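Raw structure-v5.txt, compact mmCIF, C-alpha atoms and all ligand atoms:
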# COMPACT_ATOMS: atom_id res chain seq x y z
CA LEU C 1 52.22 50.19 -33.10
CA THR C 2 49.87 48.70 -30.48
CA ASN C 3 47.95 46.87 -33.18
CA THR C 4 51.10 45.49 -34.77
CA THR C 5 52.34 44.20 -31.40
CA SER C 6 49.02 42.63 -30.55
CA ASP C 7 48.74 41.06 -34.01
CA ALA C 8 52.19 39.54 -33.63
CA ARG C 9 51.29 38.23 -30.19
CA SER C 10 48.01 36.65 -31.28
CA ALA C 11 49.73 35.12 -34.32
CA ARG C 12 52.09 33.18 -32.00
CA VAL C 13 50.69 29.69 -31.69
CA THR C 14 52.18 27.17 -29.27
CA GLU C 15 52.24 23.48 -30.13
CA VAL C 16 50.73 21.26 -27.46
CA VAL C 17 50.92 17.50 -27.02
CA VAL C 18 48.30 15.70 -24.90
CA PHE C 19 49.27 12.38 -23.29
CA GLY C 20 46.38 10.23 -22.07
CA ALA C 21 43.96 11.86 -24.51
CA SER C 22 41.45 9.00 -24.34
CA GLY C 23 40.77 9.53 -20.63
CA TYR C 24 38.03 11.75 -19.22
CA SER C 25 40.46 14.58 -18.41
CA GLY C 26 42.40 14.13 -21.65
CA LEU C 27 39.27 14.41 -23.82
CA GLU C 28 38.14 17.43 -21.81
CA LEU C 29 41.54 19.01 -22.52
CA LEU C 30 41.09 18.43 -26.25
CA ASP C 31 37.59 19.88 -26.08
CA ILE C 32 38.83 23.10 -24.43
CA LEU C 33 41.96 23.38 -26.57
CA ALA C 34 39.96 23.00 -29.79
CA ARG C 35 38.65 26.51 -29.10
CA HIS C 36 41.87 28.00 -27.71
CA PRO C 37 43.13 30.87 -29.89
CA ALA C 38 46.85 30.53 -29.15
CA VAL C 39 47.40 26.78 -29.07
CA ARG C 40 47.52 23.99 -31.64
CA VAL C 41 47.26 20.37 -30.48
CA VAL C 42 49.74 18.45 -32.63
CA ALA C 43 49.43 15.03 -30.98
CA ALA C 44 46.97 13.13 -28.78
CA SER C 45 48.26 9.91 -27.23
CA SER C 46 46.28 6.74 -26.56
CA ASP C 47 47.30 3.13 -26.99
CA ARG C 48 43.68 2.00 -26.70
CA TRP C 49 42.32 4.28 -29.45
CA ALA C 50 45.51 4.52 -31.57
CA GLY C 51 44.66 5.17 -35.23
CA GLU C 52 41.14 6.48 -34.55
CA GLU C 53 40.19 10.01 -35.63
CA VAL C 54 39.83 12.34 -32.62
CA ALA C 55 36.60 13.60 -34.24
CA GLU C 56 35.10 10.09 -33.81
CA ARG C 57 35.25 10.64 -30.03
CA LEU C 58 34.89 14.42 -29.94
CA ARG C 59 32.49 15.63 -32.61
CA ALA C 60 33.56 19.28 -32.30
CA TRP C 61 37.21 18.48 -33.14
CA PRO C 62 38.22 20.65 -36.12
CA THR C 63 41.15 18.82 -37.74
CA GLY C 64 42.02 15.35 -38.99
CA LEU C 65 44.16 14.54 -35.96
CA ARG C 66 44.29 10.84 -34.99
CA PHE C 67 45.10 9.30 -31.62
CA ALA C 68 48.62 7.83 -31.68
CA PRO C 69 50.43 5.37 -29.37
CA HIS C 70 52.12 6.95 -26.33
CA ALA C 71 55.63 5.86 -27.41
CA GLU C 72 55.18 7.24 -30.92
CA VAL C 73 53.95 10.60 -29.58
CA LEU C 74 56.93 10.83 -27.22
CA GLU C 75 59.32 10.11 -30.08
CA ALA C 76 57.81 12.91 -32.21
CA THR C 77 57.98 15.63 -29.52
CA ARG C 78 60.05 18.77 -30.22
CA PRO C 79 61.70 21.40 -27.98
CA GLY C 80 59.43 24.38 -27.32
CA GLN C 81 56.24 22.33 -27.23
CA VAL C 82 54.15 22.02 -24.06
CA ALA C 83 53.07 18.55 -22.93
CA LEU C 84 49.89 18.05 -20.93
CA LEU C 85 49.88 14.72 -19.09
CA ALA C 86 46.44 13.29 -18.28
CA MET C 87 47.47 9.82 -17.22
CA PRO C 88 48.07 7.78 -14.04
CA ALA C 89 50.62 9.24 -11.59
CA GLU C 90 53.14 6.42 -11.86
CA GLY C 91 53.30 6.82 -15.66
CA SER C 92 53.60 10.62 -15.40
CA ALA C 93 56.45 10.32 -12.91
CA GLU C 94 58.37 8.31 -15.55
CA LEU C 95 57.35 10.35 -18.61
CA ALA C 96 57.77 13.93 -17.35
CA PRO C 97 61.60 13.73 -16.89
CA ALA C 98 61.96 12.36 -20.45
CA LEU C 99 59.88 15.24 -21.84
CA LEU C 100 61.83 17.86 -19.88
CA GLU C 101 65.04 16.36 -21.22
CA ARG C 102 63.68 16.71 -24.76
CA GLY C 103 63.15 20.45 -24.16
CA LEU C 104 59.38 20.50 -23.56
CA ARG C 105 57.56 22.14 -20.70
CA VAL C 106 55.15 19.92 -18.80
CA ILE C 107 51.81 20.38 -17.06
CA ASP C 108 50.96 17.18 -15.22
CA LEU C 109 47.35 16.52 -14.21
CA SER C 110 48.29 13.57 -12.00
CA GLY C 111 49.60 13.63 -8.44
CA ALA C 112 53.14 12.67 -9.53
CA PHE C 113 54.74 16.05 -8.77
CA ARG C 114 52.38 17.62 -6.22
CA LEU C 115 54.08 16.47 -3.01
CA ARG C 116 57.48 17.78 -1.93
CA ASP C 117 58.38 14.79 0.25
CA PRO C 118 59.46 11.81 -1.90
CA ALA C 119 58.65 9.39 0.94
CA ALA C 120 55.01 10.49 0.81
CA TYR C 121 54.66 8.78 -2.60
CA GLU C 122 55.16 5.34 -1.13
CA ALA C 123 52.74 6.10 1.71
CA TRP C 124 49.92 7.71 -0.34
CA TYR C 125 50.42 6.63 -3.97
CA GLY C 126 51.97 3.20 -3.48
CA PHE C 127 55.09 3.69 -5.62
CA ARG C 128 58.68 4.81 -5.12
CA HIS C 129 59.17 8.13 -6.93
CA PRO C 130 61.56 7.67 -9.88
CA ALA C 131 62.49 11.39 -10.13
CA PRO C 132 62.57 12.82 -6.57
CA GLY C 133 64.95 15.56 -7.72
CA LEU C 134 62.11 17.20 -9.68
CA LEU C 135 59.74 17.51 -6.69
CA ASP C 136 61.41 20.74 -5.53
CA GLU C 137 61.33 22.25 -9.00
CA ALA C 138 57.67 21.43 -9.71
CA VAL C 139 55.32 24.38 -9.23
CA TYR C 140 51.95 23.69 -7.59
CA GLY C 141 49.52 25.09 -10.16
CA LEU C 142 46.86 26.82 -8.09
CA PRO C 143 47.30 30.40 -9.35
CA GLU C 144 44.64 31.79 -6.99
CA LEU C 145 46.99 31.17 -4.05
CA PHE C 146 50.49 30.46 -5.34
CA GLU C 147 52.58 32.18 -7.97
CA VAL C 148 53.06 30.14 -11.13
CA PRO C 149 56.17 31.65 -12.80
CA ALA C 150 55.80 32.05 -16.57
CA ASP C 151 59.15 30.29 -17.03
CA ALA C 152 58.23 27.21 -14.95
CA ARG C 153 59.27 23.96 -16.67
CA LEU C 154 57.05 21.62 -14.67
CA VAL C 155 53.63 22.43 -13.26
CA ALA C 156 51.81 20.01 -10.96
CA ASN C 157 48.12 20.59 -11.61
CA PRO C 158 46.28 20.19 -8.28
CA GLY C 159 43.92 17.29 -7.57
CA CYS C 160 40.17 17.75 -7.96
CA TYR C 161 39.19 17.24 -4.31
CA ALA C 162 42.33 19.14 -3.29
CA THR C 163 41.45 22.19 -5.40
CA ALA C 164 37.98 22.41 -3.87
CA THR C 165 39.15 21.75 -0.30
CA ILE C 166 42.07 24.18 -0.40
CA LEU C 167 40.02 27.01 -1.92
CA ALA C 168 37.14 26.35 0.49
CA CYS C 169 39.22 27.00 3.58
CA ALA C 170 42.47 28.80 2.61
CA PRO C 171 41.04 32.27 3.50
CA LEU C 172 40.10 31.05 7.00
CA LEU C 173 43.65 29.81 7.58
CA ALA C 174 45.37 32.75 5.91
CA HIS C 175 43.50 35.09 8.28
CA HIS C 176 44.02 32.83 11.32
CA LEU C 177 40.29 32.65 12.08
CA LEU C 178 40.34 29.00 13.20
CA VAL C 179 41.28 27.51 16.56
CA PRO C 180 44.95 26.59 16.04
CA GLY C 181 45.82 22.91 16.20
CA SER C 182 42.30 21.59 15.71
CA PRO C 183 42.02 19.31 12.67
CA LEU C 184 39.96 20.36 9.67
CA VAL C 185 37.18 17.92 8.86
CA ALA C 186 36.11 17.74 5.20
CA ASP C 187 33.59 15.74 3.21
CA GLY C 188 34.14 15.53 -0.53
CA LYS C 189 31.50 14.26 -2.93
CA SER C 190 32.38 13.48 -6.52
CA GLY C 191 30.64 12.40 -9.71
CA VAL C 192 31.80 9.12 -11.24
CA THR C 193 34.08 10.59 -13.95
CA GLY C 194 36.39 11.45 -11.03
CA ALA C 195 37.43 7.79 -10.98
CA GLY C 196 38.56 7.77 -14.63
CA ARG C 197 37.39 5.71 -17.58
CA SER C 198 38.88 2.35 -16.57
CA VAL C 199 36.45 -0.53 -16.07
CA LYS C 200 35.85 -1.44 -12.43
CA GLU C 201 32.96 -3.41 -10.95
CA GLU C 202 32.24 -0.84 -8.23
CA LEU C 203 31.90 1.87 -10.90
CA MET C 204 29.31 0.04 -13.02
CA PHE C 205 25.95 1.79 -13.48
CA PRO C 206 23.94 -0.61 -11.25
CA GLU C 207 26.48 -0.23 -8.44
CA VAL C 208 26.52 3.57 -8.57
CA GLN C 209 22.99 4.61 -9.55
CA GLU C 210 20.60 5.22 -6.59
CA ASN C 211 23.54 4.65 -4.26
CA LEU C 212 25.86 6.76 -2.09
CA ARG C 213 28.99 5.59 -0.35
CA ALA C 214 32.19 6.82 1.25
CA TYR C 215 35.54 5.51 0.01
CA ARG C 216 39.24 5.62 0.96
CA VAL C 217 38.26 6.92 4.40
CA GLY C 218 41.28 8.51 6.11
CA ARG C 219 43.62 7.49 3.29
CA HIS C 220 42.67 9.52 0.24
CA GLN C 221 45.81 10.55 -1.67
CA HIS C 222 44.75 14.21 -1.86
CA THR C 223 45.03 14.56 1.94
CA PRO C 224 48.80 15.33 2.12
CA GLU C 225 48.50 17.70 -0.85
CA VAL C 226 45.82 19.76 0.93
CA GLU C 227 47.82 19.80 4.17
CA GLN C 228 50.98 20.90 2.32
CA ALA C 229 49.19 23.77 0.53
CA LEU C 230 47.31 24.98 3.61
CA GLU C 231 50.49 24.90 5.71
CA GLU C 232 52.07 27.18 3.14
CA VAL C 233 49.07 29.52 3.27
CA SER C 234 48.88 29.67 7.08
CA GLY C 235 52.51 29.17 8.11
CA ARG C 236 51.33 26.57 10.65
CA ALA C 237 50.92 22.80 10.78
CA VAL C 238 47.56 21.67 9.36
CA ARG C 239 45.86 18.32 9.85
CA LEU C 240 42.95 17.25 7.66
CA SER C 241 40.47 14.45 8.21
CA PHE C 242 39.03 13.90 4.71
CA THR C 243 36.34 11.52 3.51
CA ALA C 244 35.52 11.08 -0.19
CA HIS C 245 32.06 10.01 -1.38
CA LEU C 246 30.89 8.73 -4.75
CA ILE C 247 27.73 10.39 -6.05
CA PRO C 248 25.51 9.02 -8.84
CA MET C 249 26.18 11.82 -11.33
CA ARG C 250 28.70 12.14 -14.16
CA ARG C 251 30.70 15.21 -13.15
CA GLY C 252 30.97 17.70 -10.31
CA ILE C 253 32.51 17.93 -6.83
CA LEU C 254 31.13 19.47 -3.67
CA VAL C 255 33.45 19.77 -0.68
CA SER C 256 32.14 20.79 2.77
CA VAL C 257 34.72 21.70 5.43
CA TYR C 258 33.89 22.03 9.14
CA ALA C 259 36.20 23.81 11.58
CA PRO C 260 36.04 25.50 15.01
CA LEU C 261 36.28 29.31 14.96
CA HIS C 262 38.29 31.52 17.30
CA ARG C 263 36.15 33.17 19.98
CA GLY C 264 34.71 36.44 18.70
CA VAL C 265 35.01 35.65 14.97
CA GLY C 266 31.78 36.45 13.16
CA ALA C 267 30.28 36.25 9.69
CA ALA C 268 31.69 39.65 8.66
CA ASP C 269 35.27 38.54 9.52
CA VAL C 270 34.79 35.35 7.53
CA GLU C 271 33.43 37.15 4.49
CA ARG C 272 36.25 39.71 4.62
CA ALA C 273 38.83 36.88 4.71
CA TYR C 274 37.43 35.40 1.49
CA ARG C 275 37.23 38.77 -0.20
CA GLU C 276 40.81 39.70 0.75
CA THR C 277 42.33 36.31 -0.12
CA LEU C 278 40.48 35.43 -3.30
CA GLY C 279 38.59 38.55 -4.40
CA GLY C 280 39.13 39.66 -7.99
CA ARG C 281 40.28 36.24 -9.21
CA PRO C 282 38.60 35.43 -12.55
CA PHE C 283 37.34 31.94 -11.68
CA ILE C 284 36.26 32.50 -8.07
CA ALA C 285 32.54 33.06 -7.51
CA TRP C 286 31.67 33.92 -3.89
CA VAL C 287 27.95 33.20 -3.50
CA ASP C 288 25.53 33.99 -0.67
CA ARG C 289 23.97 30.50 -0.67
CA PRO C 290 25.41 26.96 -0.55
CA PRO C 291 27.28 26.27 -3.83
CA GLU C 292 25.86 23.94 -6.48
CA THR C 293 27.72 21.63 -8.84
CA ALA C 294 25.19 22.16 -11.67
CA LEU C 295 26.11 25.84 -11.81
CA VAL C 296 29.81 25.21 -12.44
CA ARG C 297 29.38 22.21 -14.74
CA GLY C 298 31.48 22.51 -17.91
CA THR C 299 33.31 25.59 -16.56
CA ASN C 300 36.53 26.45 -14.75
CA PHE C 301 34.63 28.28 -11.99
CA VAL C 302 34.64 27.60 -8.27
CA GLU C 303 31.55 28.51 -6.29
CA LEU C 304 32.50 29.31 -2.67
CA HIS C 305 30.43 30.00 0.41
CA ALA C 306 31.05 29.88 4.16
CA GLN C 307 28.53 30.07 6.94
CA VAL C 308 29.14 30.69 10.64
CA ASP C 309 27.24 28.47 13.04
CA ALA C 310 27.24 30.77 16.09
CA ARG C 311 25.58 28.15 18.32
CA THR C 312 28.50 25.69 17.98
CA ARG C 313 31.11 28.35 17.11
CA THR C 314 32.10 26.53 13.95
CA VAL C 315 32.32 27.52 10.32
CA CYS C 316 31.02 25.39 7.43
CA ALA C 317 32.89 26.25 4.21
CA PHE C 318 31.78 24.91 0.84
CA ALA C 319 33.27 24.71 -2.65
CA ALA C 320 31.68 23.37 -5.82
CA ILE C 321 33.72 22.69 -8.97
CA ASP C 322 33.54 20.57 -12.09
CA ASN C 323 36.06 17.78 -11.42
CA LEU C 324 37.00 17.80 -15.12
CA GLY C 325 37.01 21.64 -15.28
CA LYS C 326 38.69 23.48 -12.39
CA GLY C 327 39.48 20.02 -10.97
CA ALA C 328 41.53 18.93 -14.00
CA ALA C 329 41.49 20.14 -17.63
CA GLY C 330 40.19 23.68 -17.06
CA GLN C 331 42.82 24.37 -14.41
CA ALA C 332 45.52 22.84 -16.64
CA VAL C 333 44.58 25.29 -19.42
CA GLN C 334 44.54 28.14 -16.87
CA ASN C 335 48.12 27.13 -15.95
CA LEU C 336 49.05 26.79 -19.62
CA ASN C 337 47.87 30.37 -20.16
CA VAL C 338 50.13 31.55 -17.34
CA LEU C 339 53.12 29.73 -18.88
CA LEU C 340 52.35 31.34 -22.25
CA GLY C 341 51.99 34.83 -20.75
CA LEU C 342 48.30 34.99 -21.69
CA PRO C 343 45.32 36.14 -19.63
CA GLU C 344 44.25 33.22 -17.38
CA GLY C 345 40.82 33.09 -18.97
CA THR C 346 42.04 32.63 -22.57
CA GLY C 347 40.02 29.83 -24.14
CA LEU C 348 38.11 29.41 -20.85
CA LEU C 349 36.03 32.54 -20.55
CA PRO C 350 33.92 34.16 -23.24
CA GLY C 351 35.39 37.41 -24.45
CA VAL C 352 38.92 36.74 -23.14
CA SER C 353 41.30 36.47 -26.07
CA ALA C 354 45.02 35.93 -26.30
CA ASP C 355 45.34 39.71 -26.42
CA GLY C 356 43.66 40.24 -23.06
N1 LIG C 401 38.98 12.24 -13.67
C1 LIG C 401 39.12 13.32 -12.93
O1 LIG C 401 38.13 13.96 -12.50
C2 LIG C 401 40.50 13.84 -12.59
C3 LIG C 401 40.59 15.07 -11.92
C4 LIG C 401 41.86 15.58 -11.61
C5 LIG C 401 43.00 14.85 -11.92
N2 LIG C 401 42.86 13.65 -12.53
C6 LIG C 401 44.11 12.92 -12.83
O2 LIG C 401 44.33 12.97 -14.24
C7 LIG C 401 44.92 11.75 -14.68
C8 LIG C 401 44.00 11.13 -15.73
O3 LIG C 401 42.77 10.84 -15.12
P1 LIG C 401 41.47 10.39 -15.93
O4 LIG C 401 40.43 10.19 -14.91
O5 LIG C 401 41.25 11.30 -17.07
O6 LIG C 401 42.01 8.97 -16.46
P2 LIG C 401 41.31 7.85 -17.31
O7 LIG C 401 39.97 8.33 -17.79
O8 LIG C 401 41.37 6.58 -16.54
O9 LIG C 401 42.32 7.73 -18.55
C9 LIG C 401 43.67 7.39 -18.34
C10 LIG C 401 44.46 7.82 -19.55
O10 LIG C 401 45.85 7.56 -19.30
C11 LIG C 401 46.41 6.90 -20.42
N3 LIG C 401 47.56 6.13 -19.97
C12 LIG C 401 47.57 5.07 -19.15
N4 LIG C 401 48.84 4.66 -18.95
C13 LIG C 401 49.63 5.50 -19.68
C14 LIG C 401 51.04 5.60 -19.91
N5 LIG C 401 51.90 4.77 -19.33
N6 LIG C 401 51.50 6.58 -20.73
C15 LIG C 401 50.64 7.46 -21.30
N7 LIG C 401 49.29 7.41 -21.11
C16 LIG C 401 48.81 6.44 -20.32
C17 LIG C 401 45.26 6.07 -20.98
O11 LIG C 401 45.53 5.79 -22.35
P3 LIG C 401 45.04 4.47 -23.14
O12 LIG C 401 44.06 4.96 -24.17
O13 LIG C 401 46.29 3.95 -23.76
O14 LIG C 401 44.41 3.54 -22.16
C18 LIG C 401 44.11 7.05 -20.82
O15 LIG C 401 44.09 7.97 -21.88
C19 LIG C 401 45.07 10.86 -13.44
O16 LIG C 401 46.35 11.01 -12.91
C20 LIG C 401 44.04 11.45 -12.47
O17 LIG C 401 44.39 11.23 -11.13
C21 LIG C 401 41.65 13.13 -12.89
Show me, as structure tokens, the structure contained in the file I just sent.
Amino acid sequence: LTNTTSDARSARVTEVVVFGASGYSGLELLDILARHPAVRVVAASSDRWAGEEVAERLRAWPTGLRFAPHAEVLEATRPGQVALLAMPAEGSAELAPALLERGLRVIDLSGAFRLRDPAAYEAWYGFRHPAPGLLDEAVYGLPELFEVPADARLVANPGCYATATILACAPLLAHHLLVPGSPLVADGKSGVTGAGRSVKEELMFPEVQENLRAYRVGRHQHTPEVEQALEEVSGRAVRLSFTAHLIPMRRGILVSVYAPLHRGVGAADVERAYRETLGGRPFIAWVDRPPETALVRGTNFVELHAQVDARTRTVCAFAAIDNLGKGAAGQAVQNLNVLLGLPEGTGLLPGVSADG
């Protein structure tokens, strides 16, 4: 009987539609989903590459699927499918309601449904939200800290810097180890794929190579998302001073967070907080050295480490992720697995199948 049940379960294949498949995150999604045992990608949208074989851009692609225009892909969607949106936030905010209405479930990789306060979209994203009624329904897809119900219709996949920053310091806040009211200070450093594939002068090779610079100082759009998540974790107001930096590498993010510790808090308390908050999670790797982006490249893992500086009574917490992995496509597939009732590592970890 067990075998029959498990055979039936593994035979169930869910149809998935990827919007924005020509982007860095969209192609990464296709790459992961090509090897996913319980999912079949039935459409990949791109206006730019419409008509081209996916295999021309992704050599490992197994079928004859071609990129198709966004409007055509929307028109062909069917109830019961899952749509993964890897496109700019303003476009996602318009498209997601249409997909929900057509009976699909949606995982959105943009920031369009991450913030609860509609007014925050004008302040941080520069557009008026067209579907504010969905912001309460959207589930923030960080399964390490927040429950993602299997019947959720709309999942907001967290931002890349946000994922790293939240995971780097959530245990410290959950265990109230920090001086209350003092702002968190975080430095985020990202490879250039974090900015997407669009052509911009400041992202050209000669501008980026052998160069290092901060950008969007004090106004990065992931700031309110991190504050919102950490407030939920700690039950207290959180203020974050965040600075993003562009690093001359293709992929990877390292976030370093600095915060003052309560008197008497030591390294053992800090380590216990991480173990109790995040221990046992399949993609969390607590390491006893500063994390490295090269070690998580091409994976959905997060390397975490925190060090107490007793002299200044501060803690330095670090997280390294692949911006296209745990920062985007990997995390979206992790969330997709939750929606499909599969082990989180299906298609992401060797040896984890749709049967667990
Ligand atoms: N890059 C990262 O590391 C990263 C990490 C986390 C989250 N994200 C988020 O994921 C989303 C995609 O980012 P990306 O960096 O992968 O983007 P990207 O490389 O710039 O690609 C953008 C994609 O969006 C498509 N697109 C543009 N307007 C569209 C519309 N109105 N309807 C449908 N598709 C549309 C483009 O299709 P065409 O072929 O037609 O141009 C292209 O495939 C963004 O919201 C970004 O903030 C990115």
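Distance check against ligand LIG 401 (chain C) using only C-alpha atoms and all ligand atoms: of C:Pro149, C:Pro171, C:Pro62, C:Gly111, the minimum falls on C:Gly111.
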12 Å contact set for Pro350 in chain C, all atoms listed in the file, chain neighbours under 5 positions out, as a list in words: Arg35, His36, Pro37, Pro282, Thr299, Asn300, Glu344, Gly345 and Gly356 of chain C
Site check for ligand LIG 401 (chain C): residues at most 6 Å away, only C-alpha atoms and all ligand atoms, as a PyMOL selection string: chain C and resi 19-26+46-49+70+86-89+91+109-110+159-160+193-198+323-324+327-328
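Within 10 Å of Glu232 in chain C, once all atoms listed in the file are used and residues closer than 2 positions along the same chain are dropped, the contacting residues are C:Leu145, C:Phe146, C:Ala170, C:Leu173, C:Ala174, C:Val226, C:Glu227, C:Gln228, C:Ala229, C:Leu230, C:Ser234, C:Gly235, C:Arg236, C:Ala237, C:Val238.
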Show me a table, sorted first by chain and then by increasing residue number, of the residues of range 218-322 of chain C having an atom at most 12 Å from range 119-128 of chain C, each with its shortest atom pair and the distance in Å to one decimal, counting only C-alpha atoms and written as JSON lines.
{"residue": "C:Gly218", "atom": "CA", "partner": "C:Trp124", "partner_atom": "CA", "distance": 10.8}
{"residue": "C:Arg219", "atom": "CA", "partner": "C:Trp124", "partner_atom": "CA", "distance": 7.3}
{"residue": "C:His220", "atom": "CA", "partner": "C:Trp124", "partner_atom": "CA", "distance": 7.5}
{"residue": "C:Gln221", "atom": "CA", "partner": "C:Trp124", "partner_atom": "CA", "distance": 5.2}
{"residue": "C:His222", "atom": "CA", "partner": "C:Trp124", "partner_atom": "CA", "distance": 8.4}
{"residue": "C:Thr223", "atom": "CA", "partner": "C:Trp124", "partner_atom": "CA", "distance": 8.7}
{"residue": "C:Pro224", "atom": "CA", "partner": "C:Ala120", "partner_atom": "CA", "distance": 8.0}
{"residue": "C:Glu225", "atom": "CA", "partner": "C:Ala120", "partner_atom": "CA", "distance": 9.9}
{"residue": "C:Gln228", "atom": "CA", "partner": "C:Ala120", "partner_atom": "CA", "distance": 11.3}
